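Chemist: Pasting upload.txt here (compact mmCIF, C-alpha atoms and all ligand atoms):
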```
# COMPACT_ATOMS: atom_id res chain seq x y z
CA MET A 1 -38.66 83.93 -61.19
CA ALA A 2 -39.80 83.30 -64.74
CA ALA A 3 -43.32 81.89 -64.82
CA GLU A 4 -42.59 80.04 -68.02
CA LYS A 5 -43.70 76.42 -68.05
CA PRO A 6 -41.59 73.83 -69.75
CA PRO A 7 -42.92 72.46 -73.03
CA LEU A 8 -44.40 69.02 -72.48
CA LYS A 9 -41.68 67.28 -74.44
CA ASN A 10 -39.35 68.09 -71.54
CA THR A 11 -41.07 65.35 -69.59
CA LYS A 12 -38.88 62.99 -71.63
CA VAL A 13 -35.74 62.35 -69.68
CA ALA A 14 -32.33 62.89 -71.19
CA LYS A 15 -30.65 59.99 -72.97
CA LEU A 16 -29.21 57.48 -70.55
CA ALA A 17 -25.67 58.58 -69.87
CA ILE A 18 -22.75 56.21 -70.06
CA GLN A 19 -21.03 56.37 -66.72
CA ASP A 20 -18.40 54.64 -64.78
CA GLU A 21 -16.87 57.37 -62.82
CA LEU A 22 -19.70 59.76 -62.18
CA PRO A 23 -20.22 62.57 -64.67
CA VAL A 24 -19.61 65.36 -62.21
CA GLY A 25 -17.28 68.28 -61.92
CA LYS A 26 -19.34 71.43 -62.36
CA SER A 27 -18.92 73.80 -59.49
CA ALA A 28 -22.04 75.27 -57.96
CA THR A 29 -22.91 77.30 -54.93
CA GLU A 30 -26.53 76.28 -54.51
CA PHE A 31 -27.73 72.77 -53.94
CA PRO A 32 -31.14 71.21 -53.46
CA ALA A 33 -32.06 71.27 -49.77
CA ALA A 34 -33.15 67.87 -48.52
CA PRO A 35 -36.65 67.73 -46.99
CA SER A 36 -37.11 68.15 -43.26
CA TRP A 37 -38.56 65.45 -41.02
CA GLN A 38 -41.81 67.48 -40.95
CA GLN A 39 -42.19 66.37 -44.56
CA LEU A 40 -42.07 62.68 -43.67
CA PRO A 41 -45.18 61.02 -45.16
CA SER A 42 -47.42 59.10 -42.79
CA GLY A 43 -48.23 55.43 -43.24
CA GLU A 44 -46.21 52.75 -44.99
CA LEU A 45 -44.13 55.07 -47.16
CA GLY A 46 -43.00 57.00 -44.08
CA GLU A 47 -42.07 53.77 -42.33
CA LYS A 48 -40.00 52.64 -45.32
CA VAL A 49 -38.22 56.00 -45.42
CA LEU A 50 -37.38 55.79 -41.73
CA ARG A 51 -36.08 52.24 -41.99
CA GLY A 52 -34.00 53.20 -45.05
CA TYR A 53 -32.53 56.13 -43.15
CA SER A 54 -31.70 53.86 -40.24
CA TYR A 55 -29.91 51.31 -42.48
CA PHE A 56 -28.00 54.13 -44.13
CA VAL A 57 -26.61 55.70 -40.97
CA ASN A 58 -26.22 52.45 -39.01
CA SER A 59 -25.49 49.82 -41.64
CA GLN A 60 -23.95 47.57 -39.00
CA GLN A 61 -27.46 46.38 -38.17
CA LEU A 62 -27.30 44.63 -41.59
CA ALA A 63 -24.17 42.70 -40.56
CA PRO A 64 -23.29 39.92 -40.87
CA LYS A 65 -26.00 39.05 -43.39
CA TYR A 66 -25.34 41.79 -45.96
CA VAL A 67 -22.45 43.83 -44.57
CA GLY A 68 -18.97 42.35 -44.21
CA ASN A 69 -16.87 45.24 -42.91
CA GLY A 70 -17.00 47.96 -40.25
CA LEU A 71 -18.42 50.72 -42.43
CA ASN A 72 -21.76 52.51 -42.64
CA CYS A 73 -23.09 54.02 -45.86
CA VAL A 74 -22.93 57.45 -44.23
CA ASN A 75 -19.13 57.24 -43.86
CA CYS A 76 -18.75 58.07 -47.56
CA HIS A 77 -22.20 59.57 -48.32
CA MET A 78 -21.99 62.09 -45.58
CA ASP A 79 -24.68 63.83 -43.53
CA ALA A 80 -27.02 60.86 -43.98
CA GLY A 81 -26.67 61.01 -47.77
CA LYS A 82 -27.69 64.67 -47.91
CA LYS A 83 -24.36 66.43 -48.30
CA GLU A 84 -23.51 67.85 -51.71
CA ASN A 85 -20.14 66.75 -53.17
CA ALA A 86 -20.29 63.61 -51.01
CA ALA A 87 -22.31 61.49 -53.49
CA PRO A 88 -25.70 62.59 -52.11
CA LEU A 89 -28.64 60.21 -52.41
CA TRP A 90 -31.00 62.86 -53.74
CA ALA A 91 -28.88 63.31 -56.85
CA ALA A 92 -28.22 59.59 -57.19
CA TYR A 93 -31.90 58.67 -57.11
CA MET A 94 -32.73 60.93 -60.05
CA SER A 95 -29.80 59.53 -62.08
CA TYR A 96 -31.04 55.92 -62.41
CA PRO A 97 -31.79 53.77 -64.30
CA ALA A 98 -28.48 54.33 -66.05
CA TYR A 99 -25.89 52.40 -68.02
CA ARG A 100 -22.80 51.39 -65.98
CA LYS A 101 -19.60 50.27 -67.64
CA LYS A 102 -18.71 48.40 -64.43
CA ASN A 103 -21.31 45.69 -65.17
CA ASP A 104 -22.06 46.66 -68.78
CA LYS A 105 -25.82 47.04 -68.49
CA ILE A 106 -28.55 49.47 -67.57
CA ASN A 107 -28.81 49.53 -63.79
CA ALA A 108 -31.93 50.28 -61.83
CA PHE A 109 -31.38 52.17 -58.60
CA GLN A 110 -31.57 48.95 -56.60
CA GLU A 111 -28.71 47.46 -58.64
CA ARG A 112 -26.56 50.49 -57.87
CA LEU A 113 -27.30 49.95 -54.20
CA GLN A 114 -26.25 46.32 -54.57
CA GLY A 115 -22.91 47.52 -55.98
CA CYS A 116 -22.06 49.45 -52.81
CA PHE A 117 -23.01 46.41 -50.68
CA LEU A 118 -20.69 44.14 -52.67
CA TYR A 119 -17.67 46.45 -52.84
CA SER A 120 -17.84 49.39 -50.43
CA MET A 121 -19.36 47.26 -47.65
CA ASN A 122 -17.39 44.12 -48.62
CA GLY A 123 -20.69 42.31 -48.22
CA THR A 124 -23.26 40.20 -50.01
CA PRO A 125 -26.00 42.37 -51.51
CA PRO A 126 -29.64 41.78 -50.63
CA ILE A 127 -31.35 40.13 -53.63
CA MET A 128 -33.33 42.27 -56.09
CA GLY A 129 -36.64 43.36 -54.64
CA ASP A 130 -35.55 42.69 -51.05
CA ASP A 131 -37.24 44.90 -48.45
CA THR A 132 -33.84 46.33 -47.45
CA LEU A 133 -33.41 47.70 -50.98
CA VAL A 134 -37.00 48.97 -51.03
CA ASP A 135 -36.43 50.86 -47.78
CA LEU A 136 -33.12 52.38 -48.92
CA SER A 137 -34.76 53.38 -52.22
CA ALA A 138 -37.69 54.94 -50.35
CA TYR A 139 -35.29 57.04 -48.30
CA ALA A 140 -33.46 58.18 -51.45
CA TYR A 141 -36.75 58.88 -53.25
CA TRP A 142 -37.95 60.98 -50.36
CA LEU A 143 -34.70 63.01 -50.34
CA ALA A 144 -34.95 63.43 -54.12
CA GLN A 145 -38.19 65.40 -53.91
CA ALA A 146 -36.06 68.47 -53.36
CA THR A 147 -34.39 68.16 -56.77
CA LEU A 148 -37.64 68.42 -58.68
CA GLY A 149 -39.73 71.22 -60.05
CA ASN A 150 -37.31 74.12 -59.60
CA GLY A 151 -37.81 73.94 -55.87
CA VAL A 152 -41.46 72.87 -55.98
CA GLY A 153 -40.52 69.46 -54.57
CA ALA A 154 -38.84 71.04 -51.57
CA LYS A 155 -42.08 72.84 -50.69
CA PHE A 156 -44.30 69.78 -50.83
CA THR A 157 -45.91 68.87 -47.55
CA ALA A 158 -45.87 65.27 -46.40
CA ALA A 159 -49.39 64.69 -47.74
CA ASP A 160 -48.49 65.94 -51.26
CA ILE A 161 -45.68 63.47 -51.77
CA PRO A 162 -46.79 60.88 -54.34
CA VAL A 163 -46.78 57.31 -52.96
CA PRO A 164 -44.99 54.92 -55.34
CA THR A 165 -45.22 51.16 -55.38
CA ASP A 166 -42.19 49.14 -54.27
CA ALA A 167 -41.42 48.22 -57.88
CA GLU A 168 -41.44 51.91 -58.83
CA LEU A 169 -39.26 52.88 -55.89
CA LEU A 170 -36.57 50.34 -56.83
CA GLN A 171 -36.21 51.72 -60.37
CA GLY A 172 -35.00 55.23 -59.61
CA GLY A 173 -36.40 58.50 -60.94
CA LYS A 174 -34.68 58.93 -64.31
CA ARG A 175 -37.14 57.45 -66.74
CA ASP A 176 -39.74 58.46 -69.28
CA ASP A 177 -42.52 56.99 -67.21
CA PHE A 178 -41.50 58.35 -63.82
CA PRO A 179 -44.98 58.28 -62.36
CA PHE A 180 -44.71 61.24 -60.07
CA MET A 181 -44.15 64.01 -62.59
CA PRO A 182 -47.77 65.14 -63.00
CA ALA A 183 -47.77 66.38 -59.41
CA TYR A 184 -44.76 68.58 -60.03
CA LEU A 185 -46.11 69.87 -63.33
CA ALA A 186 -49.44 70.68 -61.73
CA ALA A 187 -47.62 72.65 -59.02
CA GLY A 188 -45.84 74.68 -61.71
CA GLY A 189 -42.49 72.95 -61.64
CA SER A 190 -40.12 71.76 -64.32
CA THR A 191 -39.51 68.05 -64.51
CA THR A 192 -35.78 68.28 -65.05
CA PRO A 193 -34.07 67.42 -61.78
CA VAL A 194 -31.47 69.88 -60.53
CA LEU A 195 -28.35 67.88 -59.70
CA PRO A 196 -25.32 70.04 -58.92
CA GLY A 197 -23.40 68.43 -56.08
CA ARG A 198 -23.74 64.89 -57.43
CA GLY A 199 -20.89 62.50 -56.73
CA TYR A 200 -17.49 63.78 -55.67
CA PRO A 201 -16.50 66.65 -57.97
CA LYS A 202 -13.38 66.00 -60.00
CA ILE A 203 -10.14 67.78 -59.36
CA ASP A 204 -7.43 68.04 -61.98
CA GLU A 205 -4.62 65.55 -61.83
CA PRO A 206 -1.83 67.52 -60.13
CA THR A 207 1.49 68.42 -61.73
CA LEU A 208 3.45 65.64 -60.06
CA PRO A 209 2.14 62.07 -60.22
CA GLY A 210 0.62 60.78 -56.96
CA ASP A 211 3.35 59.70 -54.56
CA ILE A 212 3.04 57.20 -51.72
CA THR A 213 5.95 58.61 -49.70
CA ARG A 214 4.66 62.18 -49.79
CA GLY A 215 1.17 60.85 -49.13
CA LYS A 216 2.34 59.10 -45.98
CA VAL A 217 3.58 62.43 -44.65
CA VAL A 218 0.19 64.06 -45.33
CA TYR A 219 -1.48 61.09 -43.66
CA GLN A 220 0.62 61.36 -40.53
CA GLN A 221 0.04 65.08 -40.24
CA GLN A 222 -3.63 65.34 -41.18
CA CYS A 223 -5.39 62.00 -40.81
CA VAL A 224 -3.69 59.81 -38.24
CA ALA A 225 -5.36 61.40 -35.21
CA CYS A 226 -8.75 60.05 -36.27
CA HIS A 227 -8.03 57.13 -38.60
CA GLY A 228 -5.08 55.63 -36.67
CA SER A 229 -1.49 54.83 -37.59
CA ASN A 230 -2.53 51.64 -39.39
CA GLY A 231 -5.64 53.11 -41.01
CA GLN A 232 -7.63 50.98 -38.59
CA GLY A 233 -9.97 53.75 -37.41
CA GLN A 234 -11.15 53.97 -33.82
CA GLN A 235 -13.76 51.98 -31.96
CA VAL A 236 -15.81 52.71 -28.86
CA ASN A 237 -17.76 49.75 -27.47
CA GLN A 238 -16.87 47.76 -30.61
CA ARG A 239 -18.44 50.39 -32.89
CA TYR A 240 -16.32 52.48 -35.19
CA VAL A 241 -16.49 56.17 -34.38
CA PHE A 242 -13.75 56.83 -36.95
CA PRO A 243 -13.97 54.43 -39.90
CA PRO A 244 -11.08 52.23 -41.10
CA LEU A 245 -9.40 53.28 -44.35
CA TRP A 246 -7.66 49.99 -45.10
CA GLY A 247 -7.30 46.54 -43.58
CA PRO A 248 -9.92 43.78 -43.15
CA ASP A 249 -12.75 46.08 -41.98
CA SER A 250 -12.60 48.61 -44.83
CA TYR A 251 -13.90 48.74 -48.41
CA ASN A 252 -12.53 46.09 -50.79
CA TRP A 253 -10.38 46.20 -53.94
CA GLY A 254 -13.45 46.51 -56.16
CA ALA A 255 -14.87 49.66 -54.53
CA GLY A 256 -15.05 53.08 -56.16
CA MET A 257 -13.02 54.50 -53.28
CA GLN A 258 -10.00 52.32 -54.15
CA ARG A 259 -9.53 54.27 -57.37
CA VAL A 260 -6.88 56.85 -56.53
CA ASN A 261 -8.74 59.56 -58.44
CA THR A 262 -12.10 58.90 -56.74
CA ALA A 263 -10.49 58.85 -53.29
CA ALA A 264 -8.65 62.09 -54.09
CA TYR A 265 -11.95 63.75 -55.08
CA PHE A 266 -13.66 62.55 -51.90
CA ILE A 267 -10.76 63.56 -49.67
CA LYS A 268 -10.33 66.98 -51.25
CA HIS A 269 -13.99 67.88 -50.70
CA ASN A 270 -14.64 66.11 -47.41
CA MET A 271 -11.48 65.44 -45.38
CA PRO A 272 -10.01 66.14 -42.90
CA LEU A 273 -13.43 66.06 -41.26
CA GLY A 274 -14.71 69.59 -40.76
CA MET A 275 -11.97 71.09 -42.98
CA PRO A 276 -13.12 70.43 -46.56
CA ASN A 277 -10.96 71.82 -49.38
CA SER A 278 -8.08 72.56 -47.04
CA LEU A 279 -5.65 70.15 -48.75
CA SER A 280 -4.03 71.12 -52.03
CA ASP A 281 -4.94 68.95 -55.03
CA GLN A 282 -1.44 67.51 -54.85
CA GLU A 283 -1.83 66.58 -51.17
CA ALA A 284 -5.24 65.00 -51.82
CA TRP A 285 -3.79 62.95 -54.67
CA ASP A 286 -0.71 61.92 -52.69
CA VAL A 287 -2.64 60.85 -49.61
CA ALA A 288 -5.13 58.98 -51.81
CA SER A 289 -2.13 57.14 -53.32
CA TYR A 290 -0.90 56.26 -49.84
CA LEU A 291 -4.32 54.83 -48.79
CA ASP A 292 -4.43 52.87 -52.01
CA SER A 293 -1.00 51.35 -51.43
CA ARG A 294 -2.22 49.57 -48.25
CA ASP A 295 -3.96 46.21 -48.41
CA ARG A 296 -7.70 45.62 -48.02
CA PRO A 297 -10.21 42.84 -48.74
CA GLN A 298 -9.84 41.11 -52.11
CA ASP A 299 -11.63 42.29 -55.26
CA PRO A 300 -14.72 40.03 -55.39
CA ARG A 301 -14.20 39.72 -59.18
CA TYR A 302 -10.79 38.09 -58.65
CA GLN A 303 -10.70 34.58 -60.12
CA GLY A 304 -7.16 33.58 -59.21
CA ASP A 305 -5.10 35.82 -61.48
CA ILE A 306 -4.12 39.20 -60.02
CA LYS A 307 -2.65 40.51 -63.30
CA GLN A 308 -5.78 39.63 -65.20
CA THR A 309 -8.02 41.23 -62.53
CA ARG A 310 -5.93 44.38 -62.67
CA ARG A 311 -6.01 44.51 -66.46
CA GLN A 312 -9.72 43.83 -66.70
CA PHE A 313 -11.06 45.96 -63.86
CA HIS A 314 -8.45 48.40 -62.61
CA GLY A 315 -6.53 49.85 -65.53
CA ASN A 316 -4.14 52.38 -64.09
CA THR A 317 -6.49 53.77 -61.49
CA SER A 318 -5.18 51.81 -58.49
CA TYR A 319 -2.11 50.12 -57.03
CA TYR A 320 -3.84 46.72 -57.00
CA GLY A 321 -1.58 44.16 -58.68
CA THR A 322 1.50 46.38 -58.45
CA GLU A 323 4.52 45.94 -56.22
CA VAL A 324 4.62 48.07 -53.07
CA ASP A 325 7.20 47.49 -50.30
CA GLY A 326 8.34 44.30 -52.04
CA LYS A 327 4.84 42.75 -52.16
CA ILE A 328 2.30 42.49 -54.96
CA LEU A 329 -0.92 44.08 -53.69
CA GLY A 330 -3.76 41.60 -54.01
CA ASN A 331 -1.63 38.51 -53.43
CA ALA A 332 -2.46 38.31 -49.74
CA SER A 333 -5.56 40.48 -49.46
CA TYR A 334 -8.13 39.99 -46.70
CA PRO A 335 -11.14 37.74 -47.38
CA ASN A 336 -14.43 38.77 -48.93
CA HIS A 337 -17.73 38.37 -47.15
CA PRO A 338 -18.37 34.74 -46.20
CA ASN A 339 -21.62 34.61 -48.20
CA LYS A 340 -19.93 35.73 -51.41
CA GLY A 341 -21.25 33.82 -54.36
CA GLN A 342 -24.40 32.56 -52.66
C1 LIG B 401 -16.17 53.37 -48.76
C2 LIG B 401 -17.07 54.40 -49.21
C3 LIG B 401 -18.50 54.02 -49.51
C4 LIG B 401 -19.42 53.39 -48.71
C5 LIG B 401 -19.20 52.87 -47.31
C6 LIG B 401 -20.65 53.33 -49.46
N1 LIG B 401 -20.49 53.91 -50.68
FE1 LIG B 401 -21.92 54.25 -52.06
N2 LIG B 401 -20.54 55.08 -53.30
C7 LIG B 401 -19.20 55.23 -53.01
C8 LIG B 401 -18.51 55.77 -54.16
C9 LIG B 401 -17.02 56.06 -54.24
C10 LIG B 401 -19.49 55.97 -55.15
C11 LIG B 401 -19.26 56.53 -56.52
C12 LIG B 401 -18.86 55.39 -57.32
C13 LIG B 401 -18.03 55.67 -58.49
O1 LIG B 401 -17.61 56.82 -58.75
O2 LIG B 401 -17.81 54.65 -59.13
C14 LIG B 401 -20.75 55.50 -54.58
C15 LIG B 401 -21.95 55.54 -55.25
C16 LIG B 401 -23.18 55.22 -54.68
C17 LIG B 401 -24.45 55.45 -55.29
C18 LIG B 401 -24.67 56.08 -56.67
C19 LIG B 401 -24.38 57.56 -56.62
C20 LIG B 401 -24.66 58.28 -57.92
O3 LIG B 401 -24.78 59.52 -57.90
O4 LIG B 401 -24.74 57.62 -58.96
C21 LIG B 401 -25.41 55.03 -54.42
C22 LIG B 401 -26.90 55.09 -54.61
C23 LIG B 401 -24.73 54.52 -53.25
N3 LIG B 401 -23.37 54.65 -53.44
C24 LIG B 401 -25.35 53.96 -52.15
C25 LIG B 401 -24.66 53.42 -51.05
C26 LIG B 401 -25.30 52.69 -49.97
C27 LIG B 401 -26.79 52.42 -49.85
C28 LIG B 401 -24.31 52.32 -49.11
C29 LIG B 401 -24.43 51.47 -47.87
C30 LIG B 401 -25.09 50.18 -48.02
C31 LIG B 401 -23.05 52.84 -49.64
N4 LIG B 401 -23.31 53.48 -50.83
C32 LIG B 401 -21.82 52.73 -49.02
C33 LIG B 401 -18.59 54.97 -51.81
C34 LIG B 401 -19.19 54.34 -50.75
C1 LIG B 402 -11.35 64.79 -37.11
C2 LIG B 402 -11.31 63.40 -37.49
C3 LIG B 402 -10.91 63.06 -38.91
C4 LIG B 402 -9.78 63.45 -39.60
C5 LIG B 402 -8.65 64.35 -39.11
C6 LIG B 402 -9.86 62.81 -40.89
N1 LIG B 402 -11.00 62.07 -40.99
FE1 LIG B 402 -11.55 60.91 -42.56
N2 LIG B 402 -13.30 60.50 -41.65
C7 LIG B 402 -13.65 60.89 -40.38
C8 LIG B 402 -15.00 60.46 -40.11
C9 LIG B 402 -15.78 60.68 -38.82
C10 LIG B 402 -15.45 59.82 -41.27
C11 LIG B 402 -16.84 59.26 -41.51
C12 LIG B 402 -17.75 60.41 -41.90
C13 LIG B 402 -19.20 60.22 -41.52
O1 LIG B 402 -19.61 59.12 -41.18
O2 LIG B 402 -19.90 61.25 -41.57
C14 LIG B 402 -14.34 59.82 -42.22
C15 LIG B 402 -14.37 59.22 -43.46
C16 LIG B 402 -13.28 59.07 -44.29
C17 LIG B 402 -13.24 58.26 -45.49
C18 LIG B 402 -14.36 57.41 -46.04
C19 LIG B 402 -14.70 56.25 -45.15
C20 LIG B 402 -13.66 55.17 -45.10
O3 LIG B 402 -13.53 54.53 -44.05
O4 LIG B 402 -12.97 54.91 -46.09
C21 LIG B 402 -12.00 58.43 -46.03
C22 LIG B 402 -11.46 57.78 -47.29
C23 LIG B 402 -11.28 59.35 -45.18
N3 LIG B 402 -12.06 59.71 -44.13
C24 LIG B 402 -9.99 59.78 -45.41
C25 LIG B 402 -9.33 60.73 -44.64
C26 LIG B 402 -8.04 61.31 -44.95
C27 LIG B 402 -7.20 60.92 -46.15
C28 LIG B 402 -7.76 62.21 -43.99
C29 LIG B 402 -6.55 63.11 -43.88
C30 LIG B 402 -6.33 63.98 -45.02
C31 LIG B 402 -8.86 62.19 -43.03
N4 LIG B 402 -9.79 61.30 -43.46
C32 LIG B 402 -8.90 62.95 -41.88
C33 LIG B 402 -12.86 61.60 -39.49
C34 LIG B 402 -11.68 62.19 -39.81
```
Render the structure in this file as structure tokens.
Ligand code: HEC
Ligand code: HEC

Modeler:
Amino acid sequence: MAAEKPPLKNTKVAKLAIQDELPVGKSATEFPAAPSWQQLPSGELGEKVLRGYSYFVNSQQLAPKYVGNGLNCVNCHMDAGKKENAAPLWAAYMSYPAYRKKNDKINAFQERLQGCFLYSMNGTPPIMGDDTLVDLSAYAYWLAQATLGNGVGAKFTAADIPVPTDAELLQGGKRDDFPFMPAYLAAGGSTTPVLPGRGYPKIDEPTLPGDITRGKVVYQQQCVACHGSNGQGQQVNQRYVFPPLWGPDSYNWGAGMQRVNTAAYFIKHNMPLGMPNSLSDQEAWDVASYLDSRDRPQDPRYQGDIKQTRRQFHGNTSYYGTEVDGKILGNASYPNHPNKGQ
């Protein structure tokens, strides 16, 4: 390994990227390894990390206050937010604050978390600074150690891990004044985080446009055994063991996953469970189209005009507002979380 140290000006982070869909797509074979539980810091930081982990894998404990459907964060950010190509938390943490077209402003990490509560969880987000957001940020921060310092972060012992304040944790790691860099520099590491595996890597749009009828066939052959013939998932003791893909307990019409392209990327790299990359790009796109042609909870940004909501927020990325099986999707969607707007 080259012993070369980065010039100090590299401590400046790159210009804030404009992003709506995530800027991903590079293939890679090596990914940052998330820390092991032996590297869990003692004291308050460790307790926050553990609580954040627990909310992430069992988000139902945050229902009904913040979570309005049957999902857990881990259903889409797999392996407890550690899996590359499944929007891992370690990459996300080092990518905020960042501009998001979705709300047209620079988002701190906690605001990005709020977004998944509102849309993916069909819920009401905890308010800024809430302990729930602190704990989830602490968990993401802890996982992100591994992305720093050309591997130096991954080698840190629990006692070496810098202890941030709550306000620092909520910001995210992509900023000029990220307060933890000196530790990595002192240990000989570069400050540029290594982020291959972020998001769900893009696949090219296939030759034929996505097709609901073909997608239904893929669904019935490859997905129905776990997710059910009505996309309702499967429950044991009133807990989902296989998550719902549409219907009242799934993500709503504002979520990233209801974009056909985003769902196709996720499905291609992560589904069927245990068989990633087994579908062709065409099959992934078709089955994503089929999921997207089923109804789900309303887009929380809907103000009474489906066409307008589609034009303003959906473009051509979803079937929302279009006619499928003689019905306009969105006209009779399931309700949003009861606290919406409070
Ligand atoms: C239904 C699937 C789904 C669920 C459930 C879900 N998310 Fe997400 N999440 C996404 C998608 C899709 C994206 C990428 C968004 C995009 O491309 O617009 C994302 C993005 C994120 C990001 C930013 C990733 C990055 O690299 O910028 C964070 C952080 C995040 N989610 C946290 C959470 C948390 C915390 C929960 C639970 C409270 C959660 N998500 C639940 C689908 C989901
Ligand atoms: C062997 C069972 C199994 C099969 C087959 C399977 N899935 Fe999944 N799927 C899961 C599980 C389990 C999760 C949640 C992953 C987790 O929590 O780690 C999931 C998550 C998902 C999600 C994100 C969560 C949600 O509820 O929206 C989507 C979308 C999805 N699957 C689509 C598909 C599609 C499309 C197929 C067929 C091509 C498929 N799955 C096949 C078990 C399966």

Chemist: CA of Pro244 in chain A to CA of Lys48 in chain A: how many Å, to one decimal?

Modeler: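 Pair CA of Pro244 in chain A / CA of Lys48 in chain A returns 29.2 Å.
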
Chemist: Please, which residues have at least one atom within 7 Å of an atom of ligand LIG 401 (chain B), using all atoms listed in the file, listed as number ranges by chain?

Modeler: A: 20-22, 56, 59, 71-77, 87-89, 91-93, 95, 109, 112-113, 116-117, 120-121, 136, 198-199, 251, 255-257, 262

Chemist: Please produce a file of those selected residues containing C-alpha atoms, as a PDB file, keeping the file's coordinate frame.

Modeler:
```
ATOM      1  CA  ASP A  20     -18.400  54.640 -64.780  1.00  0.00           C
ATOM      2  CA  GLU A  21     -16.870  57.370 -62.820  1.00  0.00           C
ATOM      3  CA  LEU A  22     -19.700  59.760 -62.180  1.00  0.00           C
ATOM      4  CA  PHE A  56     -28.000  54.130 -44.130  1.00  0.00           C
ATOM      5  CA  SER A  59     -25.490  49.820 -41.640  1.00  0.00           C
ATOM      6  CA  LEU A  71     -18.420  50.720 -42.430  1.00  0.00           C
ATOM      7  CA  ASN A  72     -21.760  52.510 -42.640  1.00  0.00           C
ATOM      8  CA  CYS A  73     -23.090  54.020 -45.860  1.00  0.00           C
ATOM      9  CA  VAL A  74     -22.930  57.450 -44.230  1.00  0.00           C
ATOM     10  CA  ASN A  75     -19.130  57.240 -43.860  1.00  0.00           C
ATOM     11  CA  CYS A  76     -18.750  58.070 -47.560  1.00  0.00           C
ATOM     12  CA  HIS A  77     -22.200  59.570 -48.320  1.00  0.00           C
ATOM     13  CA  ALA A  87     -22.310  61.490 -53.490  1.00  0.00           C
ATOM     14  CA  PRO A  88     -25.700  62.590 -52.110  1.00  0.00           C
ATOM     15  CA  LEU A  89     -28.640  60.210 -52.410  1.00  0.00           C
ATOM     16  CA  ALA A  91     -28.880  63.310 -56.850  1.00  0.00           C
ATOM     17  CA  ALA A  92     -28.220  59.590 -57.190  1.00  0.00           C
ATOM     18  CA  TYR A  93     -31.900  58.670 -57.110  1.00  0.00           C
ATOM     19  CA  SER A  95     -29.800  59.530 -62.080  1.00  0.00           C
ATOM     20  CA  PHE A 109     -31.380  52.170 -58.600  1.00  0.00           C
ATOM     21  CA  ARG A 112     -26.560  50.490 -57.870  1.00  0.00           C
ATOM     22  CA  LEU A 113     -27.300  49.950 -54.200  1.00  0.00           C
ATOM     23  CA  CYS A 116     -22.060  49.450 -52.810  1.00  0.00           C
ATOM     24  CA  PHE A 117     -23.010  46.410 -50.680  1.00  0.00           C
ATOM     25  CA  SER A 120     -17.840  49.390 -50.430  1.00  0.00           C
ATOM     26  CA  MET A 121     -19.360  47.260 -47.650  1.00  0.00           C
ATOM     27  CA  LEU A 136     -33.120  52.380 -48.920  1.00  0.00           C
ATOM     28  CA  ARG A 198     -23.740  64.890 -57.430  1.00  0.00           C
ATOM     29  CA  GLY A 199     -20.890  62.500 -56.730  1.00  0.00           C
ATOM     30  CA  TYR A 251     -13.900  48.740 -48.410  1.00  0.00           C
ATOM     31  CA  ALA A 255     -14.870  49.660 -54.530  1.00  0.00           C
ATOM     32  CA  GLY A 256     -15.050  53.080 -56.160  1.00  0.00           C
ATOM     33  CA  MET A 257     -13.020  54.500 -53.280  1.00  0.00           C
ATOM     34  CA  THR A 262     -12.100  58.900 -56.740  1.00  0.00           C
TER      35      THR A 262
END
```

Chemist: Counting all atoms listed in the file, what is within 6 Å of range 329-336 of chain A, bar same-chain residues fewer than 2 positions away, as a PDB file with C-alpha atoms, in the frame of the given file?

Modeler:
```
ATOM      1  CA  PRO A 248      -9.920  43.780 -43.150  1.00  0.00           C
ATOM      2  CA  ARG A 296      -7.700  45.620 -48.020  1.00  0.00           C
ATOM      3  CA  PRO A 297     -10.210  42.840 -48.740  1.00  0.00           C
ATOM      4  CA  GLN A 298      -9.840  41.110 -52.110  1.00  0.00           C
ATOM      5  CA  TYR A 320      -3.840  46.720 -57.000  1.00  0.00           C
ATOM      6  CA  GLY A 321      -1.580  44.160 -58.680  1.00  0.00           C
ATOM      7  CA  THR A 322       1.500  46.380 -58.450  1.00  0.00           C
TER       8      THR A 322
END
```

Chemist: So the first atom is atom O4 of ligand LIG 402 (chain B) and the second is CA of Asn69 in chain A; what is the distance between them in Å, to one decimal place?

Modeler: 10.9 Å

Chemist: Would you compute the box with edges along x, y and z of the file around ligand LIG 402 (chain B), including every atom the file lists for it and 3 Å extra on each side, and give its centre and edge lengths in Å to one decimal, as lines of an AutoDock Vina configuration file?

Modeler:
```
center_x = -13.1
center_y = 59.7
center_z = -42.2
size_x = 19.6
size_y = 16.3
size_z = 16.2
```

Chemist: To check your reading of the model: which residues sit at most 6 Å from ligand LIG 402 (chain B) when counting only C-alpha atoms and all ligand atoms? Write the answer as a list in words.

Modeler: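 My answer, listing the contacting residues, is Val74, Asn75, Cys76, Met78, Asp79, Tyr219, Gln222, Cys223, Ala225, Cys226, Phe242, Pro243, Pro244, Leu245, Ile267, Met271, Pro272, Leu273 and Val287 of chain A.
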
Chemist: Counting all atoms listed in the file, which residue out of A:Glu30, A:Pro300, A:Lys82, A:Gly46 sits closest to Pro162 in chain A?

Modeler: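 For Pro162 in chain A, the nearest of the candidates is A:Gly46.
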
Chemist: Using Å and a single decimal, report how far CA of Gly70 in chain A sits from CA of Tyr240 in chain A.

Modeler: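 Calculated distance between CA of Tyr240 in chain A and CA of Gly70 in chain A is 6.8 Å.
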
Chemist: Would you pick out the contacts of Thr207 in chain A at 12 Å or less, using all atoms listed in the file, so that residues sharing its chain but fewer than 6 positions from it are not included, and give the list as a PDB file with C-alpha atoms, in the frame of the given file?

Modeler:
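As written to disk, part.pdb reads:
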```
ATOM      1  CA  SER A 280      -4.030  71.120 -52.030  1.00  0.00           C
ATOM      2  CA  ASP A 281      -4.940  68.950 -55.030  1.00  0.00           C
ATOM      3  CA  GLN A 282      -1.440  67.510 -54.850  1.00  0.00           C
ATOM      4  CA  GLU A 283      -1.830  66.580 -51.170  1.00  0.00           C
ATOM      5  CA  TRP A 285      -3.790  62.950 -54.670  1.00  0.00           C
ATOM      6  CA  ASP A 286      -0.710  61.920 -52.690  1.00  0.00           C
TER       7      ASP A 286
END
```
